[in-house]
file start-v6.cif (mmCIF, C-alpha atoms)
data_data
#
loop_
_atom_site.label_atom_id
_atom_site.label_comp_id
_atom_site.auth_asym_id
_atom_site.auth_seq_id
_atom_site.Cartn_x
_atom_site.Cartn_y
_atom_site.Cartn_z
CA MET A 1 -25.19 -25.86 0.82
CA HIS A 2 -26.06 -22.17 1.02
CA PRO A 3 -26.92 -20.79 -2.46
CA SER A 4 -24.24 -18.13 -2.15
CA ALA A 5 -21.66 -20.79 -1.42
CA VAL A 6 -22.07 -22.42 -4.82
CA GLN A 7 -19.47 -20.02 -6.15
CA ASN A 8 -16.99 -21.64 -3.77
CA ALA A 9 -17.30 -25.02 -5.46
CA SER A 10 -13.82 -24.82 -6.95
CA TYR A 11 -12.44 -24.32 -3.44
CA MET A 12 -13.88 -27.55 -2.10
CA GLY A 13 -11.69 -30.55 -1.36
CA PRO A 14 -11.82 -33.85 -3.30
CA HIS A 15 -14.69 -35.11 -1.14
CA GLY A 16 -16.66 -31.88 -1.19
CA GLU A 17 -15.32 -30.60 2.13
CA PRO A 18 -14.61 -26.85 2.58
CA PRO A 19 -10.95 -25.70 2.44
CA LEU A 20 -11.05 -24.83 6.14
CA SER A 21 -13.02 -25.91 9.17
CA ARG A 22 -15.52 -23.54 10.72
CA THR A 23 -12.96 -22.73 13.41
CA GLY A 24 -10.35 -22.01 10.74
CA PHE A 25 -12.61 -19.49 9.02
CA LEU A 26 -13.37 -17.80 12.35
CA ILE A 27 -9.65 -17.51 13.11
CA LEU A 28 -9.08 -15.86 9.72
CA ALA A 29 -11.96 -13.47 10.45
CA ILE A 30 -10.37 -12.51 13.78
CA ILE A 31 -6.93 -12.04 12.22
CA MET A 32 -8.35 -9.83 9.50
CA ALA A 33 -10.32 -7.83 12.08
CA ILE A 34 -7.11 -7.25 14.06
CA PHE A 35 -5.65 -5.52 11.00
CA THR A 36 -8.82 -3.90 9.65
CA VAL A 37 -10.05 -2.08 12.76
CA PRO A 38 -6.73 -0.27 13.46
CA ALA A 39 -6.37 0.45 9.73
CA ILE A 40 -9.74 2.22 9.65
CA ILE A 41 -9.02 4.17 12.84
CA LEU A 42 -5.45 5.21 11.96
CA ASN A 43 -6.11 6.19 8.34
CA ALA A 44 -9.32 8.03 9.23
CA THR A 45 -7.38 9.92 11.92
CA VAL A 46 -4.77 11.03 9.39
CA ILE A 47 -7.46 12.34 7.06
CA ILE A 48 -9.38 14.12 9.83
CA VAL A 49 -6.39 15.84 11.45
CA SER A 50 -5.22 16.96 8.00
CA LEU A 51 -8.59 18.61 7.43
CA LEU A 52 -8.54 20.19 10.90
CA HIS A 53 -5.00 21.63 10.86
CA LYS A 54 -3.74 23.77 8.01
CA GLN A 55 -0.14 23.13 9.12
CA LEU A 56 -0.49 19.61 7.74
CA ARG A 57 -1.88 20.69 4.38
CA GLN A 58 1.50 21.12 2.71
CA PRO A 59 2.52 19.72 -0.69
CA LEU A 60 5.00 17.30 0.90
CA ASN A 61 2.18 15.83 3.00
CA PHE A 62 -0.37 15.46 0.22
CA ALA A 63 0.92 12.03 -0.78
CA LEU A 64 0.77 10.82 2.83
CA VAL A 65 -2.88 11.84 3.06
CA ASN A 66 -3.56 10.28 -0.34
CA MET A 67 -2.11 6.99 0.90
CA ALA A 68 -4.35 7.19 3.96
CA VAL A 69 -7.40 7.67 1.69
CA ALA A 70 -6.42 4.68 -0.48
CA ASP A 71 -5.63 2.47 2.53
CA LEU A 72 -8.93 3.44 4.15
CA GLY A 73 -10.71 2.42 0.94
CA THR A 74 -8.91 -0.94 0.97
CA ALA A 75 -9.77 -1.53 4.62
CA MET A 76 -13.43 -0.55 4.16
CA THR A 77 -13.87 -2.86 1.17
CA GLY A 78 -11.43 -5.75 1.27
CA GLY A 79 -10.82 -5.71 5.01
CA VAL A 80 -14.42 -5.49 6.20
CA LEU A 81 -15.70 -7.94 3.59
CA SER A 82 -12.94 -10.43 4.46
CA VAL A 83 -14.00 -10.31 8.10
CA VAL A 84 -17.68 -10.80 7.24
CA ASN A 85 -17.15 -13.53 4.65
CA ASN A 86 -14.70 -15.49 6.79
CA ALA A 87 -17.09 -15.25 9.71
CA GLN A 88 -19.75 -16.82 7.45
CA GLY A 89 -17.33 -19.34 5.96
CA TYR A 90 -18.10 -18.48 2.33
CA PHE A 91 -18.25 -15.57 -0.12
CA SER A 92 -21.79 -14.28 0.19
CA LEU A 93 -22.02 -11.61 -2.51
CA GLY A 94 -22.31 -13.72 -5.66
CA ARG A 95 -20.53 -13.21 -8.96
CA THR A 96 -21.35 -9.50 -9.31
CA GLY A 97 -20.22 -8.86 -5.75
CA CYS A 98 -16.97 -10.71 -6.44
CA VAL A 99 -16.21 -8.52 -9.44
CA MET A 100 -17.07 -5.35 -7.51
CA GLU A 101 -14.97 -6.34 -4.51
CA GLY A 102 -12.06 -7.48 -6.65
CA PHE A 103 -12.06 -4.21 -8.56
CA ALA A 104 -12.44 -2.01 -5.47
CA VAL A 105 -9.71 -3.73 -3.44
CA SER A 106 -7.32 -3.79 -6.41
CA PHE A 107 -8.09 -0.17 -7.30
CA PHE A 108 -7.45 1.14 -3.80
CA GLY A 109 -4.55 -1.25 -3.19
CA ILE A 110 -2.61 -0.35 -6.34
CA THR A 111 -3.29 3.35 -5.73
CA SER A 112 -1.73 2.97 -2.28
CA LEU A 113 1.20 1.06 -3.75
CA CYS A 114 1.75 3.76 -6.38
CA THR A 115 1.56 6.39 -3.65
CA VAL A 116 4.36 4.64 -1.75
CA ALA A 117 6.46 4.98 -4.90
CA LEU A 118 5.32 8.61 -5.23
CA ILE A 119 6.46 9.35 -1.67
CA ALA A 120 9.89 7.88 -2.45
CA VAL A 121 10.22 9.95 -5.64
CA GLU A 122 9.05 13.14 -3.88
CA ARG A 123 11.54 12.71 -1.06
CA MET A 124 14.34 12.07 -3.53
CA PHE A 125 13.50 15.23 -5.51
CA VAL A 126 13.23 17.41 -2.40
CA VAL A 127 16.47 16.23 -0.83
CA CYS A 128 18.62 15.46 -3.89
CA LYS A 129 17.31 18.20 -6.22
CA PRO A 130 18.16 16.29 -9.44
CA LEU A 131 16.62 19.06 -11.57
CA GLY A 132 18.42 21.89 -9.80
CA GLN A 133 16.78 24.41 -7.49
CA ILE A 134 13.24 23.68 -8.67
CA THR A 135 10.87 24.05 -5.71
CA PHE A 136 8.45 21.25 -5.01
CA GLN A 137 5.04 22.91 -5.25
CA LYS A 138 1.36 22.12 -4.81
CA LYS A 139 0.90 21.46 -8.53
CA HIS A 140 3.61 18.81 -8.47
CA ALA A 141 2.05 17.06 -5.48
CA LEU A 142 -1.45 17.11 -6.97
CA GLY A 143 -0.12 15.90 -10.32
CA GLY A 144 1.55 12.92 -8.67
CA ILE A 145 -1.61 12.05 -6.74
CA ALA A 146 -3.77 12.26 -9.86
CA LEU A 147 -1.29 10.01 -11.68
CA SER A 148 -1.45 7.36 -8.92
CA TRP A 149 -5.26 7.12 -9.16
CA LEU A 150 -5.26 7.23 -12.98
CA TRP A 151 -2.53 4.56 -13.19
CA SER A 152 -4.49 2.26 -10.88
CA LEU A 153 -7.78 2.88 -12.70
CA THR A 154 -6.15 2.20 -16.08
CA TRP A 155 -4.83 -1.21 -15.05
CA ASN A 156 -7.74 -2.41 -12.90
CA THR A 157 -10.50 -1.59 -15.38
CA PRO A 158 -9.60 -4.11 -18.17
CA PRO A 159 -11.05 -7.17 -16.30
CA LEU A 160 -14.41 -5.39 -16.33
CA PHE A 161 -14.29 -5.46 -20.14
CA GLY A 162 -12.88 -8.91 -20.82
CA TRP A 163 -9.07 -8.61 -20.58
CA GLY A 164 -8.38 -10.61 -17.43
CA ARG A 165 -11.04 -11.19 -14.80
CA TYR A 166 -11.72 -11.00 -11.06
CA GLU A 167 -12.17 -14.33 -9.29
CA LEU A 168 -12.21 -15.89 -5.82
CA GLU A 169 -8.78 -16.38 -4.26
CA GLY A 170 -7.24 -18.25 -1.35
CA VAL A 171 -9.88 -20.00 0.76
CA GLY A 172 -12.61 -18.46 -1.36
CA THR A 173 -13.76 -15.59 0.85
CA SER A 174 -12.33 -12.68 -1.15
CA CYS A 175 -11.78 -11.76 -4.78
CA ALA A 176 -8.82 -10.49 -6.81
CA PRO A 177 -7.39 -10.64 -10.35
CA ASP A 178 -7.48 -14.26 -11.49
CA TRP A 179 -3.92 -15.60 -11.26
CA HIS A 180 -4.92 -19.20 -12.06
CA ASN A 181 -6.72 -19.03 -15.42
CA GLN A 182 -4.26 -20.15 -18.10
CA ASP A 183 -6.13 -18.67 -21.05
CA PRO A 184 -3.49 -16.67 -23.04
CA HIS A 185 -5.74 -13.62 -22.92
CA ASN A 186 -5.81 -13.76 -19.11
CA VAL A 187 -2.09 -14.60 -18.75
CA SER A 188 -1.13 -11.59 -20.89
CA TYR A 189 -3.11 -9.34 -18.56
CA ILE A 190 -1.56 -10.82 -15.43
CA LEU A 191 1.98 -10.40 -16.80
CA ALA A 192 1.29 -6.80 -17.81
CA TYR A 193 -0.39 -6.15 -14.45
CA PHE A 194 2.61 -7.53 -12.56
CA ALA A 195 5.05 -5.44 -14.60
CA VAL A 196 3.33 -2.07 -14.32
CA CYS A 197 1.63 -2.38 -10.92
CA PHE A 198 4.40 -4.11 -8.94
CA ALA A 199 7.72 -4.03 -10.79
CA VAL A 200 7.52 -0.35 -11.81
CA PRO A 201 6.64 0.97 -8.29
CA PHE A 202 9.29 -1.31 -6.77
CA PHE A 203 11.94 -0.01 -9.16
CA LEU A 204 10.98 3.61 -8.44
CA ILE A 205 11.17 2.99 -4.69
CA LEU A 206 14.61 1.35 -4.86
CA ALA A 207 16.03 3.91 -7.30
CA SER A 208 14.68 6.93 -5.41
CA TYR A 209 15.75 5.80 -1.95
CA SER A 210 19.16 4.67 -3.25
CA LYS A 211 19.74 8.12 -4.74
CA LEU A 212 18.50 9.78 -1.55
CA MET A 213 20.78 7.71 0.70
CA TRP A 214 23.79 8.27 -1.56
CA THR A 215 23.21 12.04 -1.54
CA LEU A 216 22.86 12.18 2.22
CA HIS A 217 26.03 10.10 2.63
CA LYS A 218 28.01 12.48 0.39
CA VAL A 219 26.63 15.50 2.22
CA SER A 220 27.56 13.99 5.57
CA LYS A 221 31.15 13.39 4.46
CA MET A 222 31.62 16.75 2.76
CA ALA A 223 30.18 18.68 5.67
CA CYS A 224 32.65 16.95 8.00
CA LEU A 225 29.89 16.62 10.55
CA GLU A 226 30.15 12.92 11.30
CA GLY A 227 28.37 12.50 14.61
CA GLY A 228 26.71 15.87 14.13
CA ALA A 229 23.35 16.98 12.81
CA VAL A 230 23.79 15.79 9.22
CA ALA A 231 25.17 12.38 10.20
CA LYS A 232 22.38 11.87 12.72
CA GLY A 233 19.84 12.94 10.14
CA GLU A 234 21.35 10.50 7.65
CA ALA A 235 21.18 7.64 10.14
CA LYS A 236 17.58 8.45 11.03
CA VAL A 237 16.47 8.64 7.41
CA ALA A 238 18.41 5.45 6.63
CA SER A 239 16.53 3.53 9.30
CA MET A 240 13.20 4.86 8.02
CA VAL A 241 14.11 3.96 4.42
CA VAL A 242 15.04 0.40 5.43
CA LEU A 243 11.75 0.10 7.32
CA MET A 244 9.77 1.40 4.34
CA VAL A 245 11.42 -0.92 1.84
CA LEU A 246 11.02 -3.92 4.16
CA SER A 247 7.34 -3.13 4.71
CA PHE A 248 6.86 -2.95 0.94
CA LEU A 249 8.57 -6.32 0.41
CA ILE A 250 6.71 -8.04 3.26
CA SER A 251 3.38 -6.70 2.02
CA TRP A 252 3.63 -7.26 -1.70
CA LEU A 253 6.51 -9.60 -2.62
CA PRO A 254 4.77 -12.82 -1.39
CA TYR A 255 1.58 -11.86 -3.22
CA ALA A 256 3.35 -11.00 -6.48
CA GLY A 257 5.69 -13.98 -6.16
CA LEU A 258 2.85 -16.46 -5.67
CA ALA A 259 0.96 -14.99 -8.61
CA MET A 260 3.96 -15.35 -10.91
CA LEU A 261 4.59 -18.89 -9.66
CA VAL A 262 1.06 -19.89 -10.61
CA VAL A 263 1.35 -18.18 -14.00
CA TYR A 264 4.64 -19.87 -14.90
CA ASN A 265 3.84 -23.24 -13.30
CA PRO A 266 0.10 -23.85 -13.68
CA ASP A 267 0.36 -27.40 -12.37
CA VAL A 268 1.77 -26.41 -9.00
CA GLU A 269 -0.48 -27.45 -6.12
CA ILE A 270 -0.95 -24.76 -3.47
CA HIS A 271 -3.20 -25.28 -0.48
CA PRO A 272 -5.90 -22.58 -0.31
CA LEU A 273 -4.71 -21.54 3.16
CA VAL A 274 -1.15 -21.05 1.87
CA ALA A 275 -2.54 -18.97 -1.00
CA THR A 276 -4.46 -16.85 1.51
CA VAL A 277 -1.41 -15.78 3.55
CA PRO A 278 0.06 -13.43 0.86
CA VAL A 279 -3.40 -11.91 0.37
CA TYR A 280 -3.64 -11.02 4.04
CA LEU A 281 -0.07 -9.72 4.13
CA ALA A 282 -0.92 -7.30 1.31
CA LYS A 283 -4.11 -6.17 3.05
CA SER A 284 -2.30 -5.81 6.40
CA SER A 285 -0.25 -2.96 4.93
CA THR A 286 -3.28 -0.71 5.44
CA ALA A 287 -2.65 -0.94 9.20
CA TYR A 288 1.10 -0.36 9.39
CA ASN A 289 1.47 2.01 6.43
CA PRO A 290 0.09 4.93 8.47
CA ILE A 291 2.38 4.02 11.37
CA ILE A 292 5.55 3.81 9.27
CA TYR A 293 4.92 6.69 6.89
CA ILE A 294 2.89 9.06 9.02
CA TYR A 295 3.16 8.48 12.75
CA LEU A 296 6.96 8.41 12.44
CA ASN A 297 6.60 11.91 10.98
CA LYS A 298 6.76 14.56 13.72
CA GLN A 299 4.24 16.83 12.03
CA PHE A 300 1.49 14.22 11.85
CA ARG A 301 2.36 12.60 15.16
CA LYS A 302 2.07 15.94 16.94
CA TYR A 303 -1.58 16.26 15.92
CA ALA A 304 -2.70 12.66 15.42
CA VAL A 305 -1.66 11.20 18.78
CA PRO A 306 -3.58 13.77 20.90
CA PHE A 307 -6.58 13.30 18.59
CA LEU A 308 -6.49 9.53 19.07
CA LEU A 309 -6.08 9.88 22.83
CA CYS A 310 -8.69 12.64 23.06
CA GLY A 311 -5.99 14.79 24.64
CA THR A 312 -5.08 18.46 24.52
CA GLU A 313 -4.51 19.85 21.08
CA PRO A 314 -0.91 20.95 20.41
CA SER A 315 0.04 24.57 19.95
CA GLU A 316 -0.10 26.10 16.51
CA ASP A 317 3.66 26.31 16.11
CA ASP A 318 4.66 23.43 13.90
CA GLU A 319 7.59 21.08 14.04
CA THR A 320 9.37 20.09 10.89
CA SER A 321 9.34 16.53 9.71
CA GLU A 322 12.40 14.34 9.59
CA MET A 323 12.77 14.75 5.85
CA THR A 324 12.41 18.52 6.03
CA THR A 325 14.97 18.67 8.83
CA VAL A 326 17.43 16.68 6.81
CA GLU A 327 16.94 18.95 3.84
CA SER A 328 17.40 22.12 5.86
CA ASN A 329 20.65 20.72 7.28
CA LYS A 330 21.86 19.64 3.86
CA VAL A 331 24.88 21.29 2.30
CA SER A 332 24.82 21.07 -1.48
CA PRO A 333 27.35 18.51 -2.66
CA SER A 334 27.99 20.43 -5.85
#
call {"tool": "encode", "arguments": {"input": "start-v6.cif", "output": "structure tokens"}}
result
Amino acid sequence: MHPSAVQNASYMGPHGEPPLSRTGFLILAIIMAIFTVPAIILNATVIIVSLLHKQLRQPLNFALVNMAVADLGTAMTGGVLSVVNNAQGYFSLGRTGCVMEGFAVSFFGITSLCTVALIAVERMFVVCKPLGQITFQKKHALGGIALSWLWSLTWNTPPLFGWGRYELEGVGTSCAPDWHNQDPHNVSYILAYFAVCFAVPFFLILASYSKLMWTLHKVSKMACLEGGAVAKGEAKVASMVVLMVLSFLISWLPYAGLAMLVVYNPDVEIHPLVATVPVYLAKSSTAYNPIIYIYLNKQFRKYAVPFLLCGTEPSEDDETSEMTTVESNKVSPS
């Protein structure tokens, strides 16, 4: 056995066999590469075009760029390492490497997740104006971004100092917070982690988008423009909201659900491959997040697509995004 594979001992079968065949590990490496390569390209493109074009450097777009930075970090750490380790068939970085990878992937991943919630809250405030005619400014956007990184750092640092820990997960080729250890000290961390890093963002997303959709529906009815600009804008935003919520659930609900199942039922037997699927679903969000949140946005699409295709740069006159268009068409329901 390779010395670096000793750490995978707990992932061996009853007769000392690995959890997957060599072919199985290679298939996982290919699947992860299919998500990781586009994730790196798409998120890097978002960051680059935002630096190149001042039209994209608006407060309402800051969170989108922040999500691209966090998703790029996840892809460069968790994605790339998953490809390499699965190609080798074992985790090759030792205990220290496991802790570093677990922290990095969790840090970037939860920052991205918090940014999804931040985007929902921002859109709700811009369209619904719950605090009156307060303008959404640069300081608000930067404050929200700083909070997303600080929130993630606060809840991913404790395992480095003894509250919780990072451990191998799934088929033993990547690391994450240890969902399996039943020590009360570890369980308390996992429960707190689930509450503040999954339940809170999920609640904010549902509450914000529900308020946004209700406001747009009222505006559409009061403006008597059914079939017109407001109704079409409402339908378009509704479809985007459904897509965003579904992507969130597909990415994170299986992962959080499996973790809670293990915490509440420690004796449940889960095949390592089954435990790996939610991990990959969560990491796959780095590839389709930029498509759903950014490339469906006219502003970013106008600059990002030509950049990706090495085509002609668009003219300097800017198009408004779907959310901005909806807001400009909105008639106050008051």
call {"tool": "residues_near_point", "arguments": {"input": "start-v6.cif", "point": "(7.5, 3.9, -6.3)", "cutoff": "7 Å", "atoms": "only C-alpha atoms", "output": "mmCIF file with C-alpha atoms, in the frame of the given file"}}
result
data_model
loop_
_atom_site.group_PDB
_atom_site.id
_atom_site.type_symbol
_atom_site.label_atom_id
_atom_site.label_comp_id
_atom_site.auth_asym_id
_atom_site.auth_seq_id
_atom_site.Cartn_x
_atom_site.Cartn_y
_atom_site.Cartn_z
ATOM 1 C CA CYS A 114 1.750 3.760 -6.380
ATOM 2 C CA THR A 115 1.560 6.390 -3.650
ATOM 3 C CA VAL A 116 4.360 4.640 -1.750
ATOM 4 C CA ALA A 117 6.460 4.980 -4.900
ATOM 5 C CA LEU A 118 5.320 8.610 -5.230
ATOM 6 C CA ALA A 120 9.890 7.880 -2.450
ATOM 7 C CA VAL A 121 10.220 9.950 -5.640
ATOM 8 C CA VAL A 200 7.520 -0.350 -11.810
ATOM 9 C CA PRO A 201 6.640 0.970 -8.290
ATOM 10 C CA PHE A 202 9.290 -1.310 -6.770
ATOM 11 C CA PHE A 203 11.940 -0.010 -9.160
ATOM 12 C CA LEU A 204 10.980 3.610 -8.440
ATOM 13 C CA ILE A 205 11.170 2.990 -4.690
#
call {"tool": "residues_around", "arguments": {"input": "start-v6.cif", "residues": "A:Ile110", "least_positions_apart": "2", "cutoff": "9 Å", "atoms": "only C-alpha atoms", "output": "list in words"}}
result
Ala70, Val105, Ser106, Phe107, Phe108, Ser112, Leu113, Cys114, Thr115, Ser148, Trp149, Trp151, Ser152, Leu153, Asn156, Cys197 and Phe198 of chain A
call {"tool": "write_last_selection", "arguments": {"input": "start-v6.cif", "atoms": "C-alpha atoms", "output": "PDB file, in the coordinates of the input"}}
result
ATOM      1  CA  ALA A  70      -6.420   4.680  -0.480  1.00  0.00           C
ATOM      2  CA  VAL A 105      -9.710  -3.730  -3.440  1.00  0.00           C
ATOM      3  CA  SER A 106      -7.320  -3.790  -6.410  1.00  0.00           C
ATOM      4  CA  PHE A 107      -8.090  -0.170  -7.300  1.00  0.00           C
ATOM      5  CA  PHE A 108      -7.450   1.140  -3.800  1.00  0.00           C
ATOM      6  CA  SER A 112      -1.730   2.970  -2.280  1.00  0.00           C
ATOM      7  CA  LEU A 113       1.200   1.060  -3.750  1.00  0.00           C
ATOM      8  CA  CYS A 114       1.750   3.760  -6.380  1.00  0.00           C
ATOM      9  CA  THR A 115       1.560   6.390  -3.650  1.00  0.00           C
ATOM     10  CA  SER A 148      -1.450   7.360  -8.920  1.00  0.00           C
ATOM     11  CA  TRP A 149      -5.260   7.120  -9.160  1.00  0.00           C
ATOM     12  CA  TRP A 151      -2.530   4.560 -13.190  1.00  0.00           C
ATOM     13  CA  SER A 152      -4.490   2.260 -10.880  1.00  0.00           C
ATOM     14  CA  LEU A 153      -7.780   2.880 -12.700  1.00  0.00           C
ATOM     15  CA  ASN A 156      -7.740  -2.410 -12.900  1.00  0.00           C
ATOM     16  CA  CYS A 197       1.630  -2.380 -10.920  1.00  0.00           C
ATOM     17  CA  PHE A 198       4.400  -4.110  -8.940  1.00  0.00           C
TER      18      PHE A 198
END
call {"tool": "atom_distance", "arguments": {"input": "start-v6.cif", "atom1": "atom CA of A:Leu309", "atom2": "atom CA of A:Ser284"}}
result
23.0 Å
call {"tool": "atom_distance", "arguments": {"input": "start-v6.cif", "atom1": "atom CA of A:Phe125", "atom2": "atom CA of A:Pro254"}}
result
29.7 Å
call {"tool": "resolve_selection", "arguments": {"input": "start-v6.cif", "expression": "the PyMOL selection byres ((chain A and resi 160-165) around 8)", "output": "list in words"}}
result
Val99, Thr157, Pro158, Pro159, Tyr166, Glu167, Pro177, Asp178, His185, Asn186, Val187, Tyr189 and Ile190 of chain A
call {"tool": "resolve_selection", "arguments": {"input": "start-v6.cif", "expression": "the PyMOL selection byres ((chain A and resi 43-60) around 10)", "output": "PyMOL selection string"}}
result
chain A and resi 38-42+61-73+75+119+122-123+126+136-142+286-291+294-295+299-301+303-305+307-308+316-319+321+323-324
call {"tool": "residues_around", "arguments": {"input": "start-v6.cif", "residues": "stretch 19-35 of chain A", "least_positions_apart": "5", "cutoff": "6 Å", "atoms": "only C-alpha atoms", "output": "NGL selection string"}}
result
:A and (12 or 83 or 86-87 or 89 or 284 or 287)
call {"tool": "atom_distance", "arguments": {"input": "start-v6.cif", "atom1": "atom CA of A:Gly172", "atom2": "atom CA of A:Gly94"}}
result
11.6 Å
call {"tool": "axis_aligned_box", "arguments": {"input": "start-v6.cif", "around": "stretch 104-122 of chain A", "padding_each_side": "6 Å", "output": "JSON"}}
result
{"center_x": -1.1, "center_y": 4.7, "center_z": -4.5, "size_x": 34.7, "size_y": 28.9, "size_z": 17.6}
call {"tool": "closest_residue", "arguments": {"input": "start-v6.cif", "among": "A:Ala192, A:Val241, A:Leu253, A:Met100", "to": "A:Met213", "atoms": "all atoms listed in the file"}}
result
A:Val241
call {"tool": "closest_residue", "arguments": {"input": "start-v6.cif", "among": "A:Pro184, A:Lys211, A:Phe91, A:Trp179", "to": "A:Lys129", "atoms": "only C-alpha atoms"}}
result
A:Lys211
call {"tool": "closest_residue", "arguments": {"input": "start-v6.cif", "among": "A:Val279, A:Ile134, A:Val263, A:Ala256", "to": "A:Gly78", "atoms": "all atoms listed in the file"}}
result
A:Val279
call {"tool": "closest_residue", "arguments": {"input": "start-v6.cif", "among": "A:Val80, A:Leu216, A:Val171, A:Ile145", "to": "A:Met124", "atoms": "all atoms listed in the file"}}
result
A:Leu216
